[in-house]
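Asker: To be precise about what I am sending: the file is called structure28.txt and holds compact mmCIF, C-alpha atoms.
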# COMPACT_ATOMS: atom_id res chain seq x y z
CA MET A 1 -25.19 13.00 36.26
CA ALA A 2 -28.46 13.80 38.10
CA SER A 3 -26.61 13.96 41.43
CA PRO A 4 -24.24 16.25 43.37
CA CYS A 5 -20.70 16.01 41.97
CA CYS A 6 -17.44 17.50 43.20
CA PHE A 7 -13.66 17.20 43.01
CA HIS A 8 -11.50 17.33 46.13
CA LEU A 9 -8.12 18.45 44.81
CA PRO A 10 -4.94 19.90 46.35
CA ASP A 11 -4.29 23.63 46.04
CA LEU A 12 -1.65 23.52 43.32
CA PRO A 13 -0.76 25.92 40.48
CA GLY A 14 -3.15 25.42 37.56
CA ILE A 15 -5.54 23.29 39.60
CA HIS A 16 -8.55 25.36 38.53
CA ASN A 17 -7.86 24.70 34.84
CA LEU A 18 -7.35 21.03 35.62
CA ALA A 19 -10.69 20.85 37.44
CA GLN A 20 -12.37 22.47 34.44
CA ALA A 21 -10.85 19.86 32.13
CA MET A 22 -12.06 17.09 34.44
CA GLU A 23 -15.56 18.57 34.55
CA ALA A 24 -15.61 18.85 30.76
CA GLU A 25 -14.78 15.15 30.50
CA VAL A 26 -17.59 14.21 32.86
CA ARG A 27 -20.04 16.35 30.90
CA ARG A 28 -18.83 14.84 27.61
CA ILE A 29 -19.56 11.32 28.85
CA GLU A 30 -22.94 12.34 30.24
CA GLN A 31 -23.92 13.96 26.95
CA LYS A 32 -22.72 10.95 24.97
CA TYR A 33 -24.39 8.21 26.98
CA SER A 34 -27.38 9.75 28.78
CA ARG A 35 -30.72 8.10 28.05
CA TYR A 36 -32.37 11.43 28.90
CA ARG A 37 -30.86 13.18 25.86
CA HIS A 38 -32.41 12.43 22.49
CA ASP A 39 -29.16 13.42 20.77
CA SER A 40 -26.89 11.09 22.77
CA VAL A 41 -25.07 8.15 21.20
CA LEU A 42 -27.07 5.83 23.41
CA SER A 43 -30.40 7.29 22.31
CA ARG A 44 -29.38 7.00 18.69
CA LEU A 45 -28.42 3.34 19.19
CA ASN A 46 -31.77 2.61 20.81
CA ALA A 47 -33.62 4.42 18.02
CA HIS A 48 -31.67 2.32 15.50
CA ALA A 49 -32.53 -1.01 17.16
CA GLY A 50 -33.16 -3.74 14.61
CA LYS A 51 -30.56 -2.33 12.24
CA THR A 52 -26.76 -2.43 12.24
CA SER A 53 -25.10 0.59 13.85
CA VAL A 54 -21.48 1.66 13.45
CA ILE A 55 -19.99 2.55 16.84
CA ASP A 56 -16.77 4.18 17.97
CA ALA A 57 -14.02 2.52 20.02
CA GLU A 58 -15.14 3.98 23.36
CA THR A 59 -18.71 2.73 22.94
CA ALA A 60 -17.46 -0.68 21.82
CA TRP A 61 -15.25 -0.90 24.93
CA LEU A 62 -18.15 -0.07 27.24
CA LEU A 63 -20.40 -2.59 25.52
CA ASN A 64 -17.74 -5.29 25.79
CA TYR A 65 -17.26 -4.43 29.46
CA ALA A 66 -21.01 -4.70 30.03
CA ARG A 67 -21.04 -8.06 28.26
CA VAL A 68 -18.28 -9.39 30.50
CA CYS A 69 -20.22 -8.20 33.56
CA PHE A 70 -23.30 -9.95 32.19
CA GLU A 71 -21.38 -13.20 31.81
CA GLN A 72 -19.64 -12.96 35.20
CA SER A 73 -22.94 -12.28 36.96
CA ASP A 74 -24.86 -15.15 35.35
CA GLY A 75 -26.95 -12.61 33.50
CA LEU A 76 -27.93 -10.53 36.54
CA PHE A 77 -26.01 -7.40 35.50
CA ASP A 78 -27.74 -6.59 32.24
CA ILE A 79 -27.74 -3.15 30.60
CA SER A 80 -30.77 -4.20 28.54
CA SER A 81 -32.93 -4.55 31.67
CA GLY A 82 -33.68 -0.84 31.93
CA ILE A 83 -37.00 -1.38 30.15
CA LEU A 84 -38.31 -2.78 33.45
CA ARG A 85 -38.59 0.79 34.73
CA SER A 86 -41.69 1.15 32.51
CA ALA A 87 -43.42 -1.32 34.83
CA TRP A 88 -42.25 0.21 38.11
CA ASP A 89 -43.06 3.70 39.38
CA PHE A 90 -41.14 4.22 42.61
CA ARG A 91 -42.96 7.48 43.24
CA SER A 92 -46.15 5.61 44.11
CA PRO A 93 -46.65 2.44 46.18
CA SER A 94 -48.18 0.06 43.65
CA LEU A 95 -47.05 -3.25 42.19
CA PRO A 96 -47.01 -4.03 38.47
CA ALA A 97 -49.17 -6.81 37.10
CA GLU A 98 -47.38 -10.08 36.41
CA ALA A 99 -48.60 -9.87 32.82
CA THR A 100 -46.82 -6.53 32.42
CA LEU A 101 -43.52 -7.95 33.69
CA ASN A 102 -43.91 -11.13 31.64
CA ALA A 103 -44.28 -9.05 28.50
CA LEU A 104 -41.00 -7.21 29.21
CA LEU A 105 -38.76 -10.11 30.30
CA PRO A 106 -38.32 -11.65 26.80
CA ARG A 107 -36.92 -8.32 25.61
CA ILE A 108 -34.03 -8.54 28.11
CA GLY A 109 -30.74 -10.37 27.65
CA LEU A 110 -27.36 -9.32 26.25
CA THR A 111 -26.96 -12.71 24.59
CA ARG A 112 -29.39 -11.32 22.01
CA LEU A 113 -26.99 -8.50 21.13
CA ARG A 114 -24.48 -8.91 18.30
CA LEU A 115 -21.26 -6.90 18.62
CA GLN A 116 -18.40 -7.32 16.19
CA GLU A 117 -15.56 -4.79 16.25
CA ASN A 118 -17.26 -1.48 15.37
CA GLU A 119 -20.66 -2.84 14.37
CA LEU A 120 -23.61 -3.37 16.70
CA LEU A 121 -26.84 -5.16 15.96
CA MET A 122 -29.48 -5.26 18.66
CA PRO A 123 -33.00 -6.67 18.30
CA ALA A 124 -35.73 -4.22 17.40
CA ASP A 125 -37.41 -4.71 20.79
CA MET A 126 -34.23 -4.12 22.84
CA GLU A 127 -33.21 -0.95 24.68
CA LEU A 128 -29.83 -0.31 26.28
CA ASP A 129 -29.19 1.80 29.38
CA PHE A 130 -25.68 2.77 30.56
CA GLY A 131 -27.01 4.04 33.90
CA GLY A 132 -25.25 1.24 35.76
CA ILE A 133 -21.79 2.05 34.41
CA GLY A 134 -21.77 5.60 33.01
CA LYS A 135 -21.18 7.60 36.20
CA GLU A 136 -18.51 5.21 37.45
CA TYR A 137 -16.75 5.27 34.08
CA ALA A 138 -16.85 9.08 34.08
CA ALA A 139 -15.26 9.17 37.55
CA ASP A 140 -12.37 7.03 36.31
CA CYS A 141 -11.91 9.18 33.20
CA ALA A 142 -11.82 12.39 35.24
CA ALA A 143 -9.31 10.78 37.60
CA ALA A 144 -7.14 9.78 34.64
CA ILE A 145 -6.95 13.43 33.54
CA ALA A 146 -5.76 14.42 37.02
CA ARG A 147 -3.14 11.67 37.15
CA ASN A 148 -1.88 12.51 33.67
CA ALA A 149 -1.38 16.07 34.92
CA GLY A 150 0.71 14.78 37.83
CA VAL A 151 -1.97 15.09 40.53
CA HIS A 152 -2.00 11.99 42.72
CA GLN A 153 -3.90 13.31 45.71
CA GLY A 154 -7.61 13.95 46.10
CA ILE A 155 -11.00 12.44 45.33
CA VAL A 156 -13.36 12.48 42.36
CA ASP A 157 -16.92 12.23 43.72
CA LEU A 158 -19.76 11.78 41.25
CA GLY A 159 -22.89 11.34 43.31
CA GLY A 160 -21.16 9.08 45.83
CA ASP A 161 -19.27 7.06 43.23
CA LEU A 162 -15.66 7.76 44.16
CA HIS A 163 -12.23 7.52 42.58
CA ILE A 164 -9.51 8.21 45.13
CA LEU A 165 -6.44 9.60 43.37
CA GLY A 166 -4.07 8.90 46.23
CA PRO A 167 -3.59 9.28 49.97
CA LYS A 168 -3.64 12.46 52.01
CA ILE A 169 -0.18 13.94 52.53
CA THR A 170 0.27 15.09 56.12
CA ALA A 171 3.15 15.97 58.42
CA GLN A 172 3.05 12.34 59.52
CA GLY A 173 3.34 11.14 55.93
CA GLU A 174 0.75 9.42 53.74
CA GLN A 175 -2.60 8.86 55.43
CA PRO A 176 -5.76 7.18 54.12
CA TRP A 177 -8.95 9.06 53.51
CA LEU A 178 -11.67 8.08 55.97
CA LEU A 179 -14.70 7.73 53.73
CA GLY A 180 -18.19 7.41 55.15
CA VAL A 181 -20.64 4.68 54.19
CA ARG A 182 -24.24 5.85 54.29
CA ASN A 183 -26.69 4.41 56.76
CA PRO A 184 -29.25 2.80 54.43
CA ARG A 185 -32.10 3.84 56.74
CA GLN A 186 -30.76 7.33 57.47
CA PRO A 187 -28.83 8.18 54.27
CA GLU A 188 -27.75 11.60 55.53
CA GLN A 189 -25.72 9.87 58.24
CA ALA A 190 -22.73 7.53 58.06
CA ILE A 191 -22.98 4.06 59.52
CA ALA A 192 -19.27 3.29 59.07
CA GLN A 193 -15.98 4.73 57.84
CA LEU A 194 -13.55 3.00 55.52
CA PRO A 195 -9.86 3.96 55.26
CA VAL A 196 -8.92 4.22 51.57
CA TYR A 197 -5.57 5.16 50.03
CA ARG A 198 -6.46 4.97 46.33
CA GLY A 199 -8.78 3.31 43.83
CA GLY A 200 -12.53 3.14 43.44
CA MET A 201 -15.32 3.01 45.99
CA ALA A 202 -18.99 2.59 45.16
CA THR A 203 -22.18 1.62 46.95
CA SER A 204 -25.37 0.03 45.69
CA GLY A 205 -28.35 0.22 48.00
CA ASP A 206 -32.10 -0.02 48.38
CA TYR A 207 -32.53 3.58 49.56
CA GLU A 208 -32.05 5.71 46.44
CA ARG A 209 -35.44 4.97 44.84
CA TYR A 210 -37.99 2.85 46.61
CA PHE A 211 -41.45 2.65 48.08
CA GLU A 212 -42.89 0.68 50.96
CA LEU A 213 -46.09 -1.33 50.73
CA ASP A 214 -47.59 -3.63 53.35
CA GLY A 215 -44.42 -3.45 55.43
CA ARG A 216 -42.07 -4.39 52.57
CA ARG A 217 -39.55 -2.19 50.78
CA TYR A 218 -39.43 -2.32 46.97
CA CYS A 219 -36.27 -0.73 45.54
CA HIS A 220 -35.11 0.17 42.04
CA LEU A 221 -32.57 -2.68 41.82
CA LEU A 222 -34.48 -5.18 39.70
CA ASN A 223 -33.60 -8.80 38.97
CA PRO A 224 -33.70 -9.09 35.15
CA HIS A 225 -34.70 -12.76 35.40
CA THR A 226 -37.85 -12.06 37.40
CA GLY A 227 -38.51 -8.34 37.01
CA TRP A 228 -38.85 -7.95 40.79
CA PRO A 229 -36.70 -5.89 43.19
CA VAL A 230 -33.99 -7.48 45.28
CA SER A 231 -34.38 -7.37 49.05
CA TYR A 232 -31.62 -9.39 50.74
CA TRP A 233 -29.16 -6.50 51.40
CA ALA A 234 -29.81 -2.89 52.33
CA SER A 235 -26.53 -1.86 50.69
CA VAL A 236 -23.20 -3.19 49.48
CA THR A 237 -20.05 -1.06 49.33
CA VAL A 238 -17.01 -2.27 47.40
CA LEU A 239 -13.42 -1.04 47.16
CA ALA A 240 -11.69 -1.91 43.89
CA PRO A 241 -8.88 -0.60 41.66
CA SER A 242 -11.35 1.51 39.65
CA CYS A 243 -14.69 3.14 40.35
CA LEU A 244 -16.21 1.30 37.39
CA LEU A 245 -15.20 -2.07 38.81
CA ALA A 246 -16.33 -1.11 42.32
CA GLY A 247 -19.71 -0.03 40.99
CA THR A 248 -20.38 -3.14 38.95
CA LEU A 249 -19.23 -5.45 41.75
CA SER A 250 -21.49 -3.72 44.28
CA SER A 251 -24.46 -3.89 41.90
CA ILE A 252 -23.86 -7.55 41.10
CA ALA A 253 -23.56 -8.32 44.81
CA MET A 254 -26.95 -6.71 45.49
CA LEU A 255 -28.45 -8.72 42.63
CA ARG A 256 -26.86 -11.98 43.81
CA GLU A 257 -28.59 -11.55 47.17
CA ALA A 258 -27.79 -14.51 49.48
CA SER A 259 -24.81 -15.69 47.41
CA ALA A 260 -23.16 -12.23 47.37
CA THR A 261 -20.78 -12.88 50.27
CA ASN A 262 -19.09 -15.93 48.77
CA TRP A 263 -19.02 -14.33 45.34
CA LEU A 264 -17.36 -11.14 46.58
CA GLN A 265 -14.77 -13.19 48.47
CA GLU A 266 -13.90 -14.85 45.16
CA GLN A 267 -13.35 -11.40 43.63
CA ASP A 268 -10.63 -10.64 46.22
CA VAL A 269 -11.91 -7.18 47.15
CA HIS A 270 -12.72 -5.27 50.32
CA ALA A 271 -16.46 -4.89 50.86
CA LEU A 272 -19.00 -3.87 53.46
CA LEU A 273 -22.41 -5.53 53.25
CA ILE A 274 -25.31 -4.17 55.30
CA GLU A 275 -28.41 -6.20 56.03
CA PRO A 276 -31.87 -4.58 56.30
CA SER A 277 -31.50 -5.00 60.08
CA LEU A 278 -28.37 -2.80 59.76
CA GLN A 279 -26.10 -5.67 60.72
CA LEU A 280 -22.69 -5.08 59.13
CA GLN A 281 -20.58 -7.70 57.40
CA ALA A 282 -17.05 -6.68 56.40
CA LEU A 283 -15.05 -8.67 53.86
CA THR A 284 -11.27 -8.44 53.62
CA PRO A 285 -9.13 -10.28 51.06
CA PRO A 286 -6.79 -12.87 52.56
CA ALA A 287 -3.29 -11.62 53.28
CA GLY A 288 -0.81 -12.28 50.53
What does this structure look like when you write it as structure tokens?

Answerer:
Amino acid sequence: MASPCCFHLPDLPGIHNLAQAMEAEVRRIEQKYSRYRHDSVLSRLNAHAGKTSVIDAETAWLLNYARVCFEQSDGLFDISSGILRSAWDFRSPSLPAEATLNALLPRIGLTRLRLQENELLMPADMELDFGGIGKEYAADCAAAIARNAGVHQGIVDLGGDLHILGPKITAQGEQPWLLGVRNPRQPEQAIAQLPVYRGGMATSGDYERYFELDGRRYCHLLNPHTGWPVSYWASVTVLAPSCLLAGTLSSIAMLREASATNWLQEQDVHALLIEPSLQLQALTPPAG
């Protein structure tokens, strides 16, 4: 998953074997959908672009989920926008030419993809990237293995994408986990803590990959309509029933920029939005 991963699980009989099964599931998903592996399902789909591919049920479900996210985000959450990384090198402070971006933008757009049951047809110039959903999906799948084994306490942490299995059990009864939200300008420190009993928690921010040029920060979160990085929020953290949903909502909120607050309120979720000035804005669903 290209990031530190760990399971926080209670000390129960057989827990080591359970953790191994959970790790095996995470590794299975990474191997299946990593764009860095030439033998992954995703790489084979991209290599087969322009021709019809037969896909399995899991891949079809993920593609349908991505398509719903695309529609609900007005096309901002787009798993075909990964080709923009060829224009941006966040290891060096330089901007791509407009002509370079303009050549890539017509290749983006899930409306161009044809998916019918177990058959996928994508244009020859399209490339898919599950980087925006794969880790979050893996966290939920690992959590499902734990729950199916009767473990309802602990946390699955895949590089900061969390699935909380259930509350802490203390002498005082059930207590929430106090989970830190990174300071976007000092990521090794927490800027806030959120009490969480169960479900998913994920953060999208401008501090994972970025460079600064002429006093402006350019991050890896790219608007697929323009090809340029977003800049309105430093980070958005979302709590949702699943890690996958939390991750996609936080990403869409970053991409929606100024309209993120109203949109997240419509989604009826808890969220913490942090401005570049480090001003915090907490959203809580209405009671009832």

Asker: Report, in Å with one decimal, the straight-line distance from CA of Leu120 in chain A to CA of Lys51 in chain A.

Answerer: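 Straight-line distance from CA of Leu120 in chain A to CA of Lys51 in chain A works out to 8.3 Å.
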
Asker: List the spatial neighbours of Ser73 in chain A as a list of chain:residue names - criterion: any atom at most 10 Å away, all atoms listed in the file, same-chain residues fewer than 3 positions off excluded.

Answerer: A:Arg67, A:Val68, A:Cys69, A:Phe70, A:Leu76, A:Phe77, A:Asp78, A:Thr248, A:Leu249, A:Ser251, A:Ile252, A:Ala253, A:Leu255, A:Arg256, A:Trp263

Asker: Residues at most 12 Å from range 10-15 of chain A, counting all atoms listed in the file, excluding those fewer than 4 positions away in the same chain, as a list in words?

Answerer: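 Here the qualifying residues turn out to be Ala19, Gln20, Ala21, Met22, Ile145, Ala146, Ala149, Gly150, Val151, His152, Gln153, Gly154, Ile155, Val156, Leu165, Gly166, Pro167, Lys168 and Ile169 of chain A.
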
Asker: Considering all atoms listed in the file, return as a PyMOL selection string whatever protein or nucleic-acid residues lie within 8 Å of Pro195 in chain A, sequence-local ones (same chain, fewer than 4 positions apart) excluded.

Answerer: chain A and resi 176-179

Asker: Could you tell me how far CA of Cys141 in chain A sits from CA of Ala24 in chain A, in Å to one decimal place?

Answerer: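 Distance between the two atoms: 10.6 Å.
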
Asker: Suppose you want the space between CA of Glu25 in chain A and CA of Ala142 in chain A; what is it in Å?

Answerer: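 Going from CA of Glu25 in chain A over to CA of Ala142 in chain A, I get 6.2 Å.
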
Asker: Using only C-alpha atoms, which of A:Leu264, A:Ser81, A:Gly180, A:Ser235 sits nearest Pro285 in chain A?

Answerer: A:Leu264

Asker: List the spatial neighbours of Ala124 in chain A as a list in words - criterion: any atom at most 9 Å away, all atoms listed in the file, same-chain residues fewer than 6 positions off excluded.

Answerer: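 Counting only the stated atoms, we get Asn46, Ala47, His48, Ala49, Gly50 and Lys51 of chain A.
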
Asker: Near range 89-100 of chain A, counting only C-alpha atoms, which residues have an atom at most 9 Å away, once you skip same-chain residues fewer than 5 positions from it, shown as a PyMOL selection string?

Answerer: chain A and resi 209-213+218-220

Asker: Could you make a table, as a Markdown table, of the residues of range 46-143 of chain A that have an atom within 9 Å of an atom of range 27-34 of chain A, each with its nearest atom pair and distance in Å to one decimal, counting all atoms listed in the file, in chain and number order?

Answerer:
| residue | atom | partner | partner_atom | distance |
| --- | --- | --- | --- | --- |
| A:Thr59 | CA | A:Tyr33 | CA | 8.9 |
| A:Asp129 | CA | A:Ser34 | CA | 8.2 |
| A:Phe130 | CA | A:Tyr33 | CA | 6.6 |
| A:Gly131 | CA | A:Ser34 | CA | 7.7 |
| A:Gly134 | CA | A:Tyr33 | CA | 7.1 |
| A:Lys135 | CA | A:Glu30 | CA | 7.8 |
| A:Tyr137 | CA | A:Ile29 | CA | 8.5 |
| A:Ala138 | CA | A:Ile29 | CA | 6.3 |

Asker: What residues have an atom no more than 8 Å from (-13.3, -7.0, 49.3) in the file's own frame, counting only C-alpha atoms, and can you write them as a list in words?

Answerer: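 Collected hits near the coordinates: Val238, Leu239, Ala240, Leu264, Gln265, Gln267, Asp268, Val269, His270, Ala271, Leu272, Leu283, Thr284 and Pro285 of chain A.
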
Asker: Between A:Gly82, A:Gly132, A:Gly160, A:Gly75, which has the minimum distance to Pro4 in chain A (counting all atoms listed in the file)?

Answerer: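 Nearest candidate to Pro4 in chain A out of A:Gly82, A:Gly132, A:Gly160, A:Gly75: A:Gly160.
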
Asker: Using all atoms of range 229-244 of chain A listed in the file and a margin of 3 Å per side, can you give the axis-aligned box centre and edge lengths in Å to one decimal, as lines of an AutoDock Vina configuration file?

Answerer:
center_x = -22.8
center_y = -3.1
center_z = 44.9
size_x = 33.8
size_y = 18.5
size_z = 20.9

Asker: Under the rule that all atoms listed in the file are counted, which of A:His225, A:Val236, A:Ile191, A:Cys6 is the nearest residue to Gly109 in chain A?

Answerer: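 For Gly109 in chain A, the nearest of the given residues is A:His225.
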
Asker: From the list A:Arg217, A:Glu136, A:Gln186, A:Ala144, which residue is nearest Gly200 in chain A when using only C-alpha atoms?

Answerer: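 Nearest to Gly200 in chain A: A:Glu136.
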
Asker: Take range 120-155 of chain A, bring it up to N, CA and C atoms, and give me the output as a JSON list (two decimals), in the coordinates of the input.

Answerer:
[["chain", "number", "residue", "atom", "x", "y", "z"],
["A", 120, "LEU", "N", -22.68, -2.89, 15.68],
["A", 120, "LEU", "CA", -23.61, -3.37, 16.70],
["A", 120, "LEU", "C", -24.96, -3.64, 16.07],
["A", 121, "LEU", "N", -25.49, -4.82, 16.38],
["A", 121, "LEU", "CA", -26.84, -5.16, 15.96],
["A", 121, "LEU", "C", -27.61, -5.63, 17.18],
["A", 122, "MET", "N", -28.62, -4.89, 17.55],
["A", 122, "MET", "CA", -29.48, -5.26, 18.66],
["A", 122, "MET", "C", -30.89, -5.47, 18.15],
["A", 123, "PRO", "N", -31.64, -6.40, 18.77],
["A", 123, "PRO", "CA", -33.00, -6.67, 18.30],
["A", 123, "PRO", "C", -33.86, -5.42, 18.34],
["A", 124, "ALA", "N", -34.88, -5.40, 17.51],
["A", 124, "ALA", "CA", -35.73, -4.22, 17.40],
["A", 124, "ALA", "C", -36.47, -3.91, 18.69],
["A", 125, "ASP", "N", -36.67, -4.93, 19.54],
["A", 125, "ASP", "CA", -37.41, -4.71, 20.79],
["A", 125, "ASP", "C", -36.49, -4.47, 21.98],
["A", 126, "MET", "N", -35.18, -4.30, 21.74],
["A", 126, "MET", "CA", -34.23, -4.12, 22.84],
["A", 126, "MET", "C", -33.92, -2.64, 23.05],
["A", 127, "GLU", "N", -33.61, -2.32, 24.31],
["A", 127, "GLU", "CA", -33.21, -0.95, 24.68],
["A", 127, "GLU", "C", -32.06, -1.04, 25.66],
["A", 128, "LEU", "N", -30.99, -0.30, 25.41],
["A", 128, "LEU", "CA", -29.83, -0.31, 26.28],
["A", 128, "LEU", "C", -29.85, 0.90, 27.21],
["A", 129, "ASP", "N", -29.25, 0.73, 28.38],
["A", 129, "ASP", "CA", -29.19, 1.80, 29.38],
["A", 129, "ASP", "C", -27.83, 1.70, 30.07],
["A", 130, "PHE", "N", -27.01, 2.76, 29.95],
["A", 130, "PHE", "CA", -25.68, 2.77, 30.56],
["A", 130, "PHE", "C", -25.71, 3.34, 31.98],
["A", 131, "GLY", "N", -26.91, 3.45, 32.57],
["A", 131, "GLY", "CA", -27.01, 4.04, 33.90],
["A", 131, "GLY", "C", -26.21, 3.31, 34.96],
["A", 132, "GLY", "N", -25.99, 2.02, 34.77],
["A", 132, "GLY", "CA", -25.25, 1.24, 35.76],
["A", 132, "GLY", "C", -23.75, 1.33, 35.65],
["A", 133, "ILE", "N", -23.24, 1.96, 34.58],
["A", 133, "ILE", "CA", -21.79, 2.05, 34.41],
["A", 133, "ILE", "C", -21.31, 3.44, 34.02],
["A", 134, "GLY", "N", -22.20, 4.31, 33.56],
["A", 134, "GLY", "CA", -21.77, 5.60, 33.01],
["A", 134, "GLY", "C", -21.12, 6.51, 34.02],
["A", 135, "LYS", "N", -21.72, 6.67, 35.20],
["A", 135, "LYS", "CA", -21.18, 7.60, 36.20],
["A", 135, "LYS", "C", -19.85, 7.09, 36.72],
["A", 136, "GLU", "N", -19.76, 5.79, 36.95],
["A", 136, "GLU", "CA", -18.51, 5.21, 37.45],
["A", 136, "GLU", "C", -17.39, 5.34, 36.41],
["A", 137, "TYR", "N", -17.73, 5.11, 35.16],
["A", 137, "TYR", "CA", -16.75, 5.27, 34.08],
["A", 137, "TYR", "C", -16.28, 6.72, 33.99],
["A", 138, "ALA", "N", -17.21, 7.65, 34.13],
["A", 138, "ALA", "CA", -16.85, 9.08, 34.08],
["A", 138, "ALA", "C", -15.92, 9.45, 35.22],
["A", 139, "ALA", "N", -16.14, 8.89, 36.41],
["A", 139, "ALA", "CA", -15.26, 9.17, 37.55],
["A", 139, "ALA", "C", -13.84, 8.71, 37.26],
["A", 140, "ASP", "N", -13.70, 7.54, 36.66],
["A", 140, "ASP", "CA", -12.37, 7.03, 36.31],
["A", 140, "ASP", "C", -11.70, 7.89, 35.24],
["A", 141, "CYS", "N", -12.48, 8.35, 34.27],
["A", 141, "CYS", "CA", -11.91, 9.18, 33.20],
["A", 141, "CYS", "C", -11.46, 10.53, 33.73],
["A", 142, "ALA", "N", -12.24, 11.12, 34.63],
["A", 142, "ALA", "CA", -11.82, 12.39, 35.24],
["A", 142, "ALA", "C", -10.57, 12.19, 36.07],
["A", 143, "ALA", "N", -10.49, 11.07, 36.79],
["A", 143, "ALA", "CA", -9.31, 10.78, 37.60],
["A", 143, "ALA", "C", -8.08, 10.60, 36.72],
["A", 144, "ALA", "N", -8.26, 9.99, 35.56],
["A", 144, "ALA", "CA", -7.14, 9.78, 34.64],
["A", 144, "ALA", "C", -6.56, 11.11, 34.17],
["A", 145, "ILE", "N", -7.43, 12.11, 33.94],
["A", 145, "ILE", "CA", -6.95, 13.43, 33.54],
["A", 145, "ILE", "C", -6.09, 14.03, 34.65],
["A", 146, "ALA", "N", -6.54, 13.88, 35.90],
["A", 146, "ALA", "CA", -5.76, 14.42, 37.02],
["A", 146, "ALA", "C", -4.41, 13.73, 37.12],
["A", 147, "ARG", "N", -4.40, 12.41, 37.04],
["A", 147, "ARG", "CA", -3.14, 11.67, 37.15],
["A", 147, "ARG", "C", -2.19, 12.01, 36.01],
["A", 148, "ASN", "N", -2.72, 12.15, 34.82],
["A", 148, "ASN", "CA", -1.88, 12.51, 33.67],
["A", 148, "ASN", "C", -1.27, 13.90, 33.83],
["A", 149, "ALA", "N", -1.90, 14.73, 34.64],
["A", 149, "ALA", "CA", -1.38, 16.07, 34.92],
["A", 149, "ALA", "C", -0.46, 16.07, 36.14],
["A", 150, "GLY", "N", -0.21, 14.88, 36.70],
["A", 150, "GLY", "CA", 0.71, 14.78, 37.83],
["A", 150, "GLY", "C", 0.06, 14.96, 39.19],
["A", 151, "VAL", "N", -1.26, 14.95, 39.25],
["A", 151, "VAL", "CA", -1.97, 15.09, 40.53],
["A", 151, "VAL", "C", -2.34, 13.70, 41.04],
["A", 152, "HIS", "N", -1.78, 13.32, 42.17],
["A", 152, "HIS", "CA", -2.00, 11.99, 42.72],
["A", 152, "HIS", "C", -2.55, 12.07, 44.14],
["A", 153, "GLN", "N", -3.29, 13.13, 44.40],
["A", 153, "GLN", "CA", -3.90, 13.31, 45.71],
["A", 153, "GLN", "C", -5.27, 13.93, 45.51],
["A", 154, "GLY", "N", -6.27, 13.40, 46.21],
["A", 154, "GLY", "CA", -7.61, 13.95, 46.10],
["A", 154, "GLY", "C", -8.64, 12.89, 45.77],
["A", 155, "ILE", "N", -9.87, 13.34, 45.55],
["A", 155, "ILE", "CA", -11.00, 12.44, 45.33],
["A", 155, "ILE", "C", -11.91, 13.02, 44.24]]
